[in-house]
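Undergrad: Pasting data_36.tsv here (TSV, C-alpha atoms):
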```
chain	number	residue	atom	x	y	z
A	1	MET	CA	5.54	18.91	5.16
A	2	ARG	CA	4.52	16.38	7.83
A	3	TYR	CA	0.87	17.15	7.12
A	4	GLN	CA	1.42	16.71	3.40
A	5	ALA	CA	3.12	13.36	4.01
A	6	ASN	CA	0.16	12.18	6.06
A	7	PHE	CA	-2.34	13.34	3.45
A	8	GLY	CA	-0.31	11.73	0.68
A	9	ALA	CA	-0.08	8.47	2.60
A	10	VAL	CA	-3.81	8.39	3.32
A	11	TYR	CA	-4.69	9.08	-0.31
A	12	GLY	CA	-2.22	6.50	-1.58
A	13	VAL	CA	-3.56	3.84	0.77
A	14	ALA	CA	-7.17	4.65	-0.09
A	15	SER	CA	-6.53	4.54	-3.85
A	16	VAL	CA	-5.00	1.07	-3.59
A	17	LEU	CA	-7.16	-0.29	-0.78
A	18	GLY	CA	-10.30	0.60	-2.74
A	19	PRO	CA	-9.74	-2.02	-5.47
A	20	ALA	CA	-8.83	-4.59	-2.82
A	21	VAL	CA	-12.05	-4.04	-0.86
A	22	GLY	CA	-13.96	-3.88	-4.13
A	23	GLY	CA	-12.57	-7.29	-5.04
A	24	LEU	CA	-13.83	-8.70	-1.75
A	25	PHE	CA	-17.32	-7.37	-2.43
A	26	ALA	CA	-17.29	-8.50	-6.07
A	27	GLY	CA	-16.27	-12.00	-5.01
A	28	SER	CA	-19.12	-12.28	-2.49
A	29	ASP	CA	-22.53	-13.52	-3.57
A	30	SER	CA	-24.28	-11.27	-1.07
A	31	PHE	CA	-23.66	-9.11	2.00
A	32	LEU	CA	-26.44	-8.10	4.41
A	33	GLY	CA	-28.96	-9.45	1.95
A	34	ILE	CA	-27.70	-7.34	-0.99
A	35	GLU	CA	-25.69	-8.61	-3.95
A	36	GLY	CA	-21.99	-8.30	-3.24
A	37	TRP	CA	-21.01	-6.21	-6.26
A	38	ARG	CA	-23.57	-3.52	-5.36
A	39	TRP	CA	-21.62	-2.80	-2.16
A	40	ILE	CA	-18.79	-1.42	-4.30
A	41	PHE	CA	-21.06	1.63	-4.61
A	42	LEU	CA	-23.16	1.37	-1.44
A	43	VAL	CA	-20.13	1.35	0.86
A	44	ASN	CA	-19.51	4.99	-0.07
A	45	LEU	CA	-22.76	6.09	1.59
A	46	PRO	CA	-21.77	5.35	5.23
A	47	ILE	CA	-18.22	6.54	4.56
A	48	GLY	CA	-19.55	9.81	3.17
A	49	LEU	CA	-21.91	10.34	6.10
A	50	ILE	CA	-19.14	9.68	8.64
A	51	THR	CA	-16.88	12.11	6.78
A	52	LEU	CA	-19.53	14.82	6.87
A	53	VAL	CA	-19.95	14.41	10.64
A	54	VAL	CA	-16.20	14.43	11.31
A	55	VAL	CA	-15.59	17.49	9.15
A	56	GLY	CA	-18.54	19.30	10.70
A	57	LYS	CA	-17.33	18.61	14.24
A	58	LEU	CA	-13.56	18.94	13.92
A	59	PHE	CA	-12.93	21.36	11.06
A	60	THR	CA	-13.22	24.62	13.01
A	61	LEU	CA	-10.71	26.76	11.12
A	62	LYS	CA	-11.84	30.40	11.01
A	63	SER	CA	-11.23	32.31	7.80
A	64	VAL	CA	-11.71	35.85	6.62
A	65	ARG	CA	-14.40	36.18	3.97
A	66	VAL	CA	-13.10	37.88	0.84
A	67	PRO	CA	-15.65	38.98	-1.78
A	68	GLN	CA	-14.78	37.41	-5.11
A	69	ARG	CA	-16.54	36.41	-8.29
A	70	VAL	CA	-17.10	32.68	-8.80
A	71	ASP	CA	-16.05	31.39	-12.21
A	72	TYR	CA	-19.30	29.60	-13.04
A	73	TRP	CA	-18.85	29.97	-16.78
A	74	GLY	CA	-15.30	28.65	-16.55
A	75	ALA	CA	-16.52	25.53	-14.77
A	76	THR	CA	-19.34	25.09	-17.30
A	77	SER	CA	-17.08	25.49	-20.32
A	78	LEU	CA	-14.55	23.07	-18.83
A	79	VAL	CA	-17.26	20.42	-18.52
A	80	VAL	CA	-18.31	21.07	-22.14
A	81	ALA	CA	-14.67	20.62	-23.20
A	82	LEU	CA	-13.87	17.46	-21.25
A	83	VAL	CA	-17.01	15.31	-21.15
A	84	PRO	CA	-17.40	14.84	-24.95
A	85	LEU	CA	-13.72	13.94	-25.31
A	86	LEU	CA	-13.89	11.43	-22.46
A	87	LEU	CA	-16.99	9.84	-24.00
A	88	VAL	CA	-15.19	9.38	-27.31
A	89	ALA	CA	-12.13	7.99	-25.53
A	90	GLU	CA	-14.29	5.34	-23.88
A	91	GLN	CA	-16.73	4.54	-26.70
A	92	GLY	CA	-14.74	5.44	-29.81
A	93	LYS	CA	-13.94	1.81	-30.55
A	94	GLU	CA	-17.62	0.87	-30.57
A	95	TRP	CA	-18.85	3.96	-32.42
A	96	GLY	CA	-15.91	4.21	-34.82
A	97	TRP	CA	-13.32	6.95	-34.42
A	98	ALA	CA	-14.46	8.66	-37.63
A	99	SER	CA	-18.19	8.09	-37.13
A	100	PRO	CA	-20.53	11.12	-37.25
A	101	LEU	CA	-21.16	10.84	-33.48
A	102	SER	CA	-17.44	10.71	-32.64
A	103	LEU	CA	-16.62	13.63	-34.95
A	104	THR	CA	-19.47	15.66	-33.44
A	105	LEU	CA	-18.16	15.07	-29.93
A	106	PHE	CA	-14.61	15.92	-31.02
A	107	ALA	CA	-15.89	19.22	-32.42
A	108	LEU	CA	-17.96	19.92	-29.30
A	109	GLY	CA	-14.96	19.26	-27.06
A	110	ALA	CA	-12.73	21.54	-29.16
A	111	ALA	CA	-15.36	24.30	-29.07
A	112	GLY	CA	-15.64	23.88	-25.29
A	113	ALA	CA	-11.86	24.17	-24.95
A	114	VAL	CA	-11.79	27.43	-26.93
A	115	TRP	CA	-14.72	28.76	-24.89
A	116	PHE	CA	-12.92	27.83	-21.66
A	117	LEU	CA	-9.73	29.65	-22.70
A	118	LEU	CA	-11.68	32.78	-23.60
A	119	VAL	CA	-13.59	32.74	-20.28
A	120	GLU	CA	-10.43	32.23	-18.24
A	121	ARG	CA	-8.68	35.07	-20.02
A	122	ARG	CA	-11.60	37.37	-19.27
A	123	MET	CA	-11.83	36.34	-15.59
A	124	GLY	CA	-8.12	37.02	-14.98
A	125	ASP	CA	-7.03	36.33	-11.38
A	126	GLU	CA	-10.55	35.20	-10.46
A	127	ALA	CA	-10.51	32.46	-13.09
A	128	LEU	CA	-10.86	28.80	-12.20
A	129	MET	CA	-7.38	28.36	-13.68
A	130	PRO	CA	-5.71	31.80	-13.78
A	131	PRO	CA	-3.83	32.02	-17.10
A	132	ARG	CA	-0.90	33.86	-15.49
A	133	LEU	CA	0.01	30.73	-13.51
A	134	PHE	CA	0.69	28.84	-16.72
A	135	ARG	CA	3.21	31.48	-17.78
A	136	ASN	CA	5.29	30.07	-14.92
A	137	SER	CA	7.31	27.30	-16.60
A	138	ALA	CA	7.87	25.38	-13.34
A	139	PHE	CA	4.15	25.35	-12.56
A	140	THR	CA	3.27	24.20	-16.08
A	141	ARG	CA	5.88	21.45	-16.11
A	142	VAL	CA	4.84	20.09	-12.72
A	143	ASN	CA	1.24	19.94	-13.94
A	144	VAL	CA	2.38	18.04	-17.04
A	145	VAL	CA	4.28	15.60	-14.83
A	146	ASN	CA	1.27	15.24	-12.54
A	147	PHE	CA	-1.04	14.60	-15.51
A	148	ILE	CA	1.23	11.95	-17.02
A	149	GLY	CA	1.84	10.40	-13.60
A	150	GLY	CA	-1.92	10.25	-13.04
A	151	ILE	CA	-2.31	8.37	-16.33
A	152	GLY	CA	0.28	5.81	-15.30
A	153	ALA	CA	-0.71	5.41	-11.65
A	154	PHE	CA	-4.43	4.90	-12.08
A	155	THR	CA	-4.32	3.03	-15.39
A	156	SER	CA	-1.87	0.55	-13.89
A	157	MET	CA	-4.12	0.09	-10.85
A	158	THR	CA	-6.92	-0.79	-13.28
A	159	PHE	CA	-4.95	-3.16	-15.49
A	160	LEU	CA	-3.02	-5.04	-12.81
A	161	PRO	CA	-6.13	-6.65	-11.24
A	162	LEU	CA	-7.56	-7.05	-14.76
A	163	TYR	CA	-4.49	-9.06	-15.72
A	164	LEU	CA	-4.63	-11.13	-12.56
A	165	GLN	CA	-8.30	-12.01	-13.06
A	166	ILE	CA	-8.46	-12.53	-16.82
A	167	VAL	CA	-5.03	-13.90	-17.70
A	168	GLN	CA	-4.05	-15.69	-14.50
A	169	GLY	CA	-7.60	-16.70	-13.57
A	170	LEU	CA	-7.65	-15.35	-10.01
A	171	SER	CA	-10.93	-14.52	-8.31
A	172	PRO	CA	-11.76	-10.83	-7.70
A	173	THR	CA	-11.14	-11.40	-3.99
A	174	THR	CA	-7.71	-12.94	-4.49
A	175	ALA	CA	-6.70	-10.31	-7.04
A	176	GLY	CA	-7.79	-7.58	-4.63
A	177	LEU	CA	-5.83	-9.10	-1.74
A	178	LEU	CA	-2.72	-9.21	-3.90
A	179	LEU	CA	-2.88	-5.41	-4.04
A	180	LEU	CA	-2.64	-5.04	-0.24
A	181	PRO	CA	1.20	-5.12	-0.26
A	182	GLN	CA	1.05	-2.28	-2.78
A	183	SER	CA	-1.06	-0.29	-0.32
A	184	ILE	CA	1.49	-0.79	2.45
A	185	ALA	CA	4.35	0.10	0.11
A	186	THR	CA	2.56	3.29	-0.96
A	187	THR	CA	2.40	4.39	2.67
A	188	VAL	CA	6.09	3.61	3.17
A	189	GLY	CA	7.04	5.54	0.05
A	190	ALA	CA	5.03	8.61	1.07
A	191	LYS	CA	6.36	8.54	4.63
A	192	PHE	CA	9.92	8.25	3.32
A	193	ALA	CA	9.62	11.05	0.76
A	194	GLY	CA	8.07	13.65	3.10
A	195	PRO	CA	10.89	13.94	5.68
A	196	VAL	CA	13.61	13.72	3.01
A	197	VAL	CA	12.14	16.61	1.03
A	198	ALA	CA	11.53	18.61	4.22
A	199	ARG	CA	15.13	18.13	5.36
A	200	THR	CA	16.86	18.75	2.04
A	201	GLU	CA	14.35	21.24	0.58
A	202	ARG	CA	15.03	19.54	-2.74
A	203	TYR	CA	12.32	17.60	-4.52
A	204	LYS	CA	13.28	17.33	-8.19
A	205	PHE	CA	15.40	14.22	-7.95
A	206	MET	CA	13.02	12.60	-5.48
A	207	LEU	CA	10.19	13.21	-7.94
A	208	ALA	CA	12.25	11.81	-10.80
A	209	GLY	CA	13.21	8.81	-8.65
A	210	GLY	CA	9.60	7.92	-7.85
A	211	LEU	CA	8.62	8.23	-11.51
A	212	THR	CA	11.60	6.12	-12.55
A	213	MET	CA	10.58	3.34	-10.19
A	214	LEU	CA	7.04	3.44	-11.58
A	215	SER	CA	8.29	3.44	-15.17
A	216	VAL	CA	10.64	0.50	-14.65
A	217	THR	CA	7.83	-1.44	-12.96
A	218	TYR	CA	5.53	-0.78	-15.92
A	219	LEU	CA	8.22	-1.92	-18.35
A	220	VAL	CA	8.75	-5.14	-16.40
A	221	LEU	CA	4.98	-5.70	-16.32
A	222	SER	CA	5.00	-5.45	-20.11
A	223	THR	CA	6.95	-8.73	-20.16
A	224	VAL	CA	4.82	-10.86	-17.80
A	225	GLY	CA	2.79	-13.74	-19.20
A	226	VAL	CA	0.30	-16.46	-18.41
A	227	ASP	CA	2.82	-18.47	-16.40
A	228	THR	CA	4.43	-15.64	-14.43
A	229	PRO	CA	4.61	-16.70	-10.74
A	230	LEU	CA	2.41	-14.80	-8.32
A	231	TRP	CA	5.36	-13.93	-6.09
A	232	ILE	CA	6.83	-11.91	-8.96
A	233	MET	CA	3.51	-10.12	-9.42
A	234	GLY	CA	3.49	-9.38	-5.68
A	235	ALA	CA	7.03	-7.99	-5.84
A	236	LEU	CA	6.10	-5.78	-8.79
A	237	ALA	CA	3.03	-4.54	-6.89
A	238	VAL	CA	5.29	-3.54	-3.97
A	239	ALA	CA	7.72	-1.74	-6.29
A	240	MET	CA	4.81	0.08	-7.91
A	241	GLY	CA	3.50	1.09	-4.49
A	242	LEU	CA	6.85	2.52	-3.38
A	243	GLY	CA	7.17	4.57	-6.56
A	244	LEU	CA	3.57	5.71	-6.29
A	245	GLY	CA	4.00	6.87	-2.69
A	246	VAL	CA	7.15	8.86	-3.49
A	247	PHE	CA	5.62	10.38	-6.63
A	248	MET	CA	2.27	11.42	-5.16
A	249	GLN	CA	3.88	12.95	-2.09
A	250	THR	CA	6.64	14.82	-3.90
A	251	VAL	CA	4.63	16.18	-6.83
A	252	LEU	CA	2.33	18.09	-4.44
A	253	THR	CA	5.34	19.73	-2.81
A	254	ALA	CA	6.75	20.59	-6.23
A	255	LEU	CA	3.47	22.14	-7.33
A	256	GLN	CA	3.05	24.24	-4.19
A	257	ASN	CA	6.64	25.44	-4.38
A	258	SER	CA	6.23	26.56	-7.99
A	259	VAL	CA	3.79	29.38	-7.11
A	260	PRO	CA	3.65	32.30	-4.65
A	261	ARG	CA	2.03	31.60	-1.29
A	262	LYS	CA	-1.14	33.48	-2.26
A	263	ASP	CA	-1.71	31.03	-5.12
A	264	MET	CA	-1.07	27.88	-3.11
A	265	GLY	CA	-4.80	27.09	-2.81
A	266	VAL	CA	-5.28	27.21	-6.57
A	267	ALA	CA	-2.13	25.14	-7.10
A	268	SER	CA	-3.32	22.49	-4.64
A	269	GLY	CA	-6.68	22.32	-6.40
A	270	LEU	CA	-5.00	21.89	-9.77
A	271	TYR	CA	-2.89	19.10	-8.27
A	272	SER	CA	-6.03	17.03	-7.79
A	273	PHE	CA	-7.57	18.16	-11.07
A	274	SER	CA	-4.64	17.37	-13.37
A	275	ARG	CA	-3.99	14.03	-11.66
A	276	GLN	CA	-7.62	12.95	-11.83
A	277	LEU	CA	-7.91	14.14	-15.42
A	278	GLY	CA	-4.93	11.97	-16.29
A	279	ALA	CA	-6.44	9.06	-14.40
A	280	ILE	CA	-9.85	9.25	-16.09
A	281	SER	CA	-8.63	9.93	-19.60
A	282	GLY	CA	-5.76	7.43	-19.38
A	283	THR	CA	-7.95	4.61	-18.11
A	284	ALA	CA	-10.62	5.25	-20.76
A	285	VAL	CA	-8.13	5.49	-23.62
A	286	PHE	CA	-6.05	2.46	-22.64
A	287	LEU	CA	-9.07	0.25	-22.00
A	288	SER	CA	-10.21	1.13	-25.50
A	289	VAL	CA	-6.73	0.41	-26.87
A	290	MET	CA	-6.47	-2.90	-25.02
A	291	PHE	CA	-9.79	-4.28	-26.24
A	292	GLY	CA	-9.18	-2.77	-29.67
A	293	ILE	CA	-6.02	-4.83	-30.23
A	294	ALA	CA	-7.03	-7.91	-28.21
A	295	ALA	CA	-8.94	-9.62	-31.05
A	296	GLY	CA	-5.98	-9.40	-33.41
A	297	ARG	CA	-3.55	-10.63	-30.73
A	298	ILE	CA	-5.81	-13.64	-29.97
A	299	ILE	CA	-6.05	-14.52	-33.68
A	300	ASP	CA	-2.25	-14.28	-34.05
A	301	SER	CA	-1.72	-16.35	-30.90
A	302	PHE	CA	-4.04	-19.08	-32.16
A	303	ALA	CA	-2.38	-19.07	-35.58
A	304	SER	CA	1.03	-19.67	-33.96
A	305	VAL	CA	-0.17	-22.83	-32.14
A	306	ARG	CA	-2.83	-24.05	-34.57
A	307	ASN	CA	-0.76	-27.04	-35.68
A	308	SER	CA	0.90	-27.72	-32.33
A	309	PRO	CA	0.56	-31.20	-30.76
A	310	GLU	CA	-1.13	-29.74	-27.66
A	311	LEU	CA	-3.90	-28.01	-29.59
A	312	ARG	CA	-4.38	-30.94	-31.99
A	313	SER	CA	-4.78	-33.25	-29.01
A	314	ALA	CA	-7.36	-30.88	-27.52
A	315	ILE	CA	-9.33	-30.75	-30.78
A	316	ASN	CA	-9.41	-34.56	-30.93
A	317	ASP	CA	-10.14	-35.00	-27.21
A	318	PRO	CA	-13.64	-36.51	-26.68
A	319	ALA	CA	-14.13	-34.37	-23.58
A	320	VAL	CA	-13.50	-31.22	-25.60
A	321	GLN	CA	-15.67	-32.47	-28.46
A	322	SER	CA	-18.57	-33.01	-26.06
A	323	SER	CA	-18.22	-29.54	-24.48
A	324	ALA	CA	-20.46	-26.96	-26.12
A	325	ALA	CA	-18.41	-24.09	-24.70
A	326	ASP	CA	-15.11	-25.49	-25.99
A	327	GLN	CA	-16.55	-26.24	-29.41
A	328	LYS	CA	-18.05	-22.77	-29.77
A	329	VAL	CA	-14.70	-21.15	-28.98
A	330	LEU	CA	-12.77	-23.52	-31.26
A	331	ASP	CA	-15.17	-22.91	-34.14
A	332	GLY	CA	-14.68	-19.16	-33.74
A	333	LEU	CA	-10.90	-19.45	-33.60
A	334	LEU	CA	-10.80	-21.74	-36.64
A	335	ASP	CA	-12.95	-19.24	-38.53
A	336	GLY	CA	-10.41	-16.50	-37.83
A	337	THR	CA	-12.18	-14.65	-34.99
A	338	GLU	CA	-11.30	-14.20	-31.31
A	339	GLY	CA	-13.67	-17.03	-30.40
A	340	ILE	CA	-15.29	-15.33	-27.39
A	341	ASP	CA	-17.15	-12.18	-26.51
A	342	LEU	CA	-14.42	-9.92	-25.12
A	343	ASP	CA	-17.05	-8.02	-23.11
A	344	ASN	CA	-17.67	-11.21	-21.12
A	345	THR	CA	-14.51	-13.20	-20.46
A	346	SER	CA	-16.03	-15.26	-17.63
A	347	VAL	CA	-16.31	-18.23	-20.04
A	348	LEU	CA	-12.52	-18.62	-19.94
A	349	GLY	CA	-12.73	-20.36	-16.57
A	350	THR	CA	-14.95	-23.11	-18.04
A	351	LEU	CA	-12.75	-23.94	-21.05
A	352	ASP	CA	-10.21	-26.70	-21.45
A	353	PRO	CA	-6.82	-25.10	-20.61
A	354	ARG	CA	-5.44	-26.04	-24.04
A	355	VAL	CA	-8.31	-24.25	-25.77
A	356	ALA	CA	-8.14	-21.22	-23.48
A	357	ARG	CA	-4.37	-20.84	-23.76
A	358	PRO	CA	-4.16	-18.86	-27.06
A	359	ILE	CA	-6.93	-16.54	-25.85
A	360	LEU	CA	-5.15	-15.91	-22.56
A	361	GLU	CA	-1.87	-15.26	-24.34
A	362	GLY	CA	-3.55	-12.85	-26.76
A	363	LEU	CA	-5.24	-10.94	-23.93
A	364	GLY	CA	-2.00	-10.94	-21.94
A	365	SER	CA	-0.13	-9.56	-24.94
A	366	SER	CA	-2.61	-6.71	-25.33
A	367	ILE	CA	-2.25	-5.82	-21.63
A	368	ASN	CA	1.54	-5.99	-22.03
A	369	THR	CA	1.26	-3.35	-24.76
A	370	VAL	CA	-0.62	-1.06	-22.38
A	371	PHE	CA	2.10	-1.39	-19.71
A	372	LEU	CA	4.77	-0.78	-22.35
A	373	ALA	CA	3.04	2.46	-23.33
A	374	LEU	CA	2.72	3.44	-19.65
A	375	GLY	CA	6.44	2.81	-19.18
A	376	ALA	CA	7.27	5.07	-22.12
A	377	LEU	CA	4.97	7.81	-20.78
A	378	GLY	CA	6.57	7.45	-17.35
A	379	LEU	CA	10.06	7.95	-18.79
A	380	LEU	CA	8.79	11.05	-20.59
A	381	ALA	CA	7.54	12.36	-17.23
A	382	VAL	CA	10.98	11.66	-15.73
A	383	LEU	CA	12.65	13.79	-18.40
A	384	VAL	CA	10.17	16.63	-17.86
A	385	SER	CA	10.63	16.47	-14.08
A	386	LEU	CA	14.39	16.90	-14.44
A	387	THR	CA	13.84	20.23	-16.23
A	388	ILE	CA	11.84	21.72	-13.34
A	389	LYS	CA	13.59	24.64	-11.68
A	390	GLU	CA	13.49	24.20	-7.92
A	391	LYS	CA	13.08	26.90	-5.36
A	392	ARG	CA	13.19	26.71	-1.61
A	393	GLU	CA	9.92	26.06	0.15
A	394	PRO	CA	8.79	29.35	1.77
A	395	LYS	CA	8.92	29.26	5.53
A	396	GLU	CA	6.12	30.24	7.85
A	397	PRO	CA	6.70	33.47	9.83
A	398	ASP	CA	7.04	31.58	13.10
A	399	GLU	CA	9.67	29.28	11.59
A	400	GLU	CA	11.67	32.31	10.42
A	401	SER	CA	11.42	33.87	13.92
A	402	ASP	CA	12.58	30.64	15.54
A	403	GLU	CA	15.60	30.44	13.26
A	404	ALA	CA	16.44	34.11	13.91
A	405	GLY	CA	16.22	33.49	17.64
A	406	GLU	CA	18.51	30.50	17.40
A	407	ARG	CA	21.08	32.55	15.47
A	408	ILE	CA	20.99	35.34	18.10
A	409	ALA	CA	21.36	32.83	20.93
A	410	ALA	CA	24.30	31.20	19.22
A	411	ALA	CA	25.98	34.58	18.71
A	412	GLU	CA	25.63	35.42	22.41
```
How does this structure look as structure tokens?
TA:
Amino acid sequence: MRYQANFGAVYGVASVLGPAVGGLFAGSDSFLGIEGWRWIFLVNLPIGLITLVVVGKLFTLKSVRVPQRVDYWGATSLVVALVPLLLVAEQGKEWGWASPLSLTLFALGAAGAVWFLLVERRMGDEALMPPRLFRNSAFTRVNVVNFIGGIGAFTSMTFLPLYLQIVQGLSPTTAGLLLLPQSIATTVGAKFAGPVVARTERYKFMLAGGLTMLSVTYLVLSTVGVDTPLWIMGALAVAMGLGLGVFMQTVLTALQNSVPRKDMGVASGLYSFSRQLGAISGTAVFLSVMFGIAAGRIIDSFASVRNSPELRSAINDPAVQSSAADQKVLDGLLDGTEGIDLDNTSVLGTLDPRVARPILEGLGSSINTVFLALGALGLLAVLVSLTIKEKREPKEPDEESDEAGERIAAAE
């Protein structure tokens, strides 16, 4: 359990520290003669090389080779099932959800899913995802919880800096630095959850507690606005980090305890798969949802303040009248459009605050809707987690011998 806590803490820190470091690079004009934003990708090259050297030198575990078929067709069919659906989730708004291209990809993904199920059934215990494991209700439910939790955790880590940059006007660097407390809190949450679960051998309520903290944080984030103080955003980031650390640490324990020891490797692999699948699909879907409703929210926001004294004064302000950027946005808003290109919101920083306000409120409202949906999904995950049937974590042979020895010594 100590090892799991350390792994969970490292992963939690890395997943939050990544956006923070990325914000530093994105906010820099250049680094070592290369444009700053390119280092978001280039930084992975030295990290990967160092990792290869460390693993090659230190990972010396000896294993017994067991002949077994590799499920190549299962992996291929899974890719055929998932990639088309993820493409539609990301581009469906632009293509049209009922467009011929979208419908074709939906059909291809469905055919891939059927193919995958047939392949896995044929492969049996050598399948990429052995079907018999999913007849275990505890294993299936933990995977559902992990999938939903992955949607919430990674989508929120995408939308929180998006909100800070677009709605509150922070630079990428500042928005990234504001996530550092979340990184620390994630470590604390993971380090707290590991020993508690190891001591009590009970994980269900700890898992539900972490998910509850995440869900409540999402619901509170669904109420923030343009004028929300940064200290509140920082406090919410810390609360999210604590819940994330507890969740990510405990769900792995729950998944490993839901299967026999011989299947623990497969279960651990599915832990990463289901979480990452939730992360990728959730982020793609909710980004599409957010930008899909943003235009309407901006139009509604402008309509509510169109005759307000503040906006009328901005329209009649000579400085605004002489600004090409302000006039272009105002003309669009008056014509009943969102006024700006939502794919490039950098113009917001150049606008008069009175002109930008309805756009910021509309964008903030659309992000609020995403957090509200994440909160509802999180509460669903809480309910599912409470139905998981716990079982004691199997002990290693040496642990059982030690306990037997202690009992004999006490008897003597």
Undergrad: Identify which of the residues A:Trp115, A:Val55, A:Val80, A:Thr187 lies closest to A:Val238, counting all atoms listed in the file when measuring atom-to-atom distances.
TA: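 Of the candidates, the smallest distance to A:Val238 is held by A:Thr187.
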Undergrad: A:Ala113, A:Ile151, A:Val145, A:Ile184: which is nearest A:Thr250, counting all atoms listed in the file?
TA: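 Nearest to A:Thr250: A:Val145.
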Undergrad: Show me the residues around (-6.0, -17.9, -17.2) - criterion: an atom at most 12 Å away, all atoms listed in the file counted - as a ChimeraX atom specification.
TA: /A:162-171,225-228,345-364
Undergrad: One decimal, in Å: what's the spacing between atom CA of A:Ser288 and atom CA of A:Lys93?
TA: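 Result for atom CA of A:Ser288 versus atom CA of A:Lys93: 6.3 Å, one decimal.
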Undergrad: In Å, with one decimal, what is the gap from atom CA of A:Asn257 to atom CA of A:Ser274?
TA: 16.5 Å
Undergrad: For a quick check of your reading of the model, name the residues lying within 12 Å of the coordinate (-14.5, 21.1, -18.5), counting all atoms listed in the file, and write them as a PyMOL selection string.
TA: chain A and resi 72-86+108-117+119-120+128-129+273-274+277
Undergrad: When you draw a straight line from atom CA of A:Thr337 to atom CA of A:Val320, how long is it in Å?
TA: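 Separation of atom CA of A:Thr337 and atom CA of A:Val320: 19.1 Å.
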Undergrad: With all atoms of stretch 24-37 of chain A from the file as input, state the centre and edge lengths in Å to one decimal of the axis-aligned box that has 6 Å extra on each side, as AutoDock Vina command-line options.
TA:
```
--center_x -21.4 --center_y -9.9 --center_z -0.9 --size_x 27.1 --size_y 19.3 --size_z 22.7
```
Undergrad: Measuring atom to atom with all atoms listed in the file, identify which of A:Ser365, A:Ser268, A:Gln91, A:Gln276 is nearest to A:Ala295.
TA: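 Between A:Ser365, A:Ser268, A:Gln91, A:Gln276, the residue approaching A:Ala295 most closely is A:Ser365.
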Undergrad: For A:Leu236, which of A:Leu214, A:Leu252, A:Ala314, A:Leu334 is the closest residue, counting only C-alpha atoms?
TA: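 Nearest to A:Leu236: A:Leu214.
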Undergrad: Measuring between all atoms listed in the file, which one of A:Ala267, A:Leu221, A:Ile367, A:Ala303 shows the shortest distance to A:Gly336?
TA: A:Ala303
Undergrad: Quick one: of A:Phe134, A:Val144, A:Ser28, A:Leu244, who's nearest to A:Ala193, counting only C-alpha atoms?
TA: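 For A:Ala193, the nearest of the candidates is A:Leu244.
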Undergrad: Tell me, as a CSV table (one decimal) with C-alpha atoms, keeping the file's coordinate frame, which residues lie within 12 Å of A:Ser222, counting all atoms listed in the file; anything in the same chain fewer than 6 positions away does not count.
TA:
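This went into selection.csv:
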```
chain,number,residue,atom,x,y,z
A,156,SER,CA,-1.9,0.6,-13.9
A,159,PHE,CA,-5.0,-3.2,-15.5
A,160,LEU,CA,-3.0,-5.0,-12.8
A,163,TYR,CA,-4.5,-9.1,-15.7
A,215,SER,CA,8.3,3.4,-15.2
A,216,VAL,CA,10.6,0.5,-14.6
A,228,THR,CA,4.4,-15.6,-14.4
A,233,MET,CA,3.5,-10.1,-9.4
A,236,LEU,CA,6.1,-5.8,-8.8
A,364,GLY,CA,-2.0,-10.9,-21.9
A,365,SER,CA,-0.1,-9.6,-24.9
A,366,SER,CA,-2.6,-6.7,-25.3
A,367,ILE,CA,-2.2,-5.8,-21.6
A,368,ASN,CA,1.5,-6.0,-22.0
A,369,THR,CA,1.3,-3.4,-24.8
A,370,VAL,CA,-0.6,-1.1,-22.4
A,371,PHE,CA,2.1,-1.4,-19.7
A,372,LEU,CA,4.8,-0.8,-22.4
A,373,ALA,CA,3.0,2.5,-23.3
A,374,LEU,CA,2.7,3.4,-19.6
A,375,GLY,CA,6.4,2.8,-19.2
A,376,ALA,CA,7.3,5.1,-22.1
```
Undergrad: Can you pull out every residue within 7 Å of stretch 136-141 of chain A, counting all atoms listed in the file, but drop anything in the same chain fewer than 4 positions away, and send it as a list in words?
TA: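 So, after excluding close chain neighbours, the residues are Val145, Leu255, Ser258, Val259, Val384, Ile388 and Lys389 of chain A.
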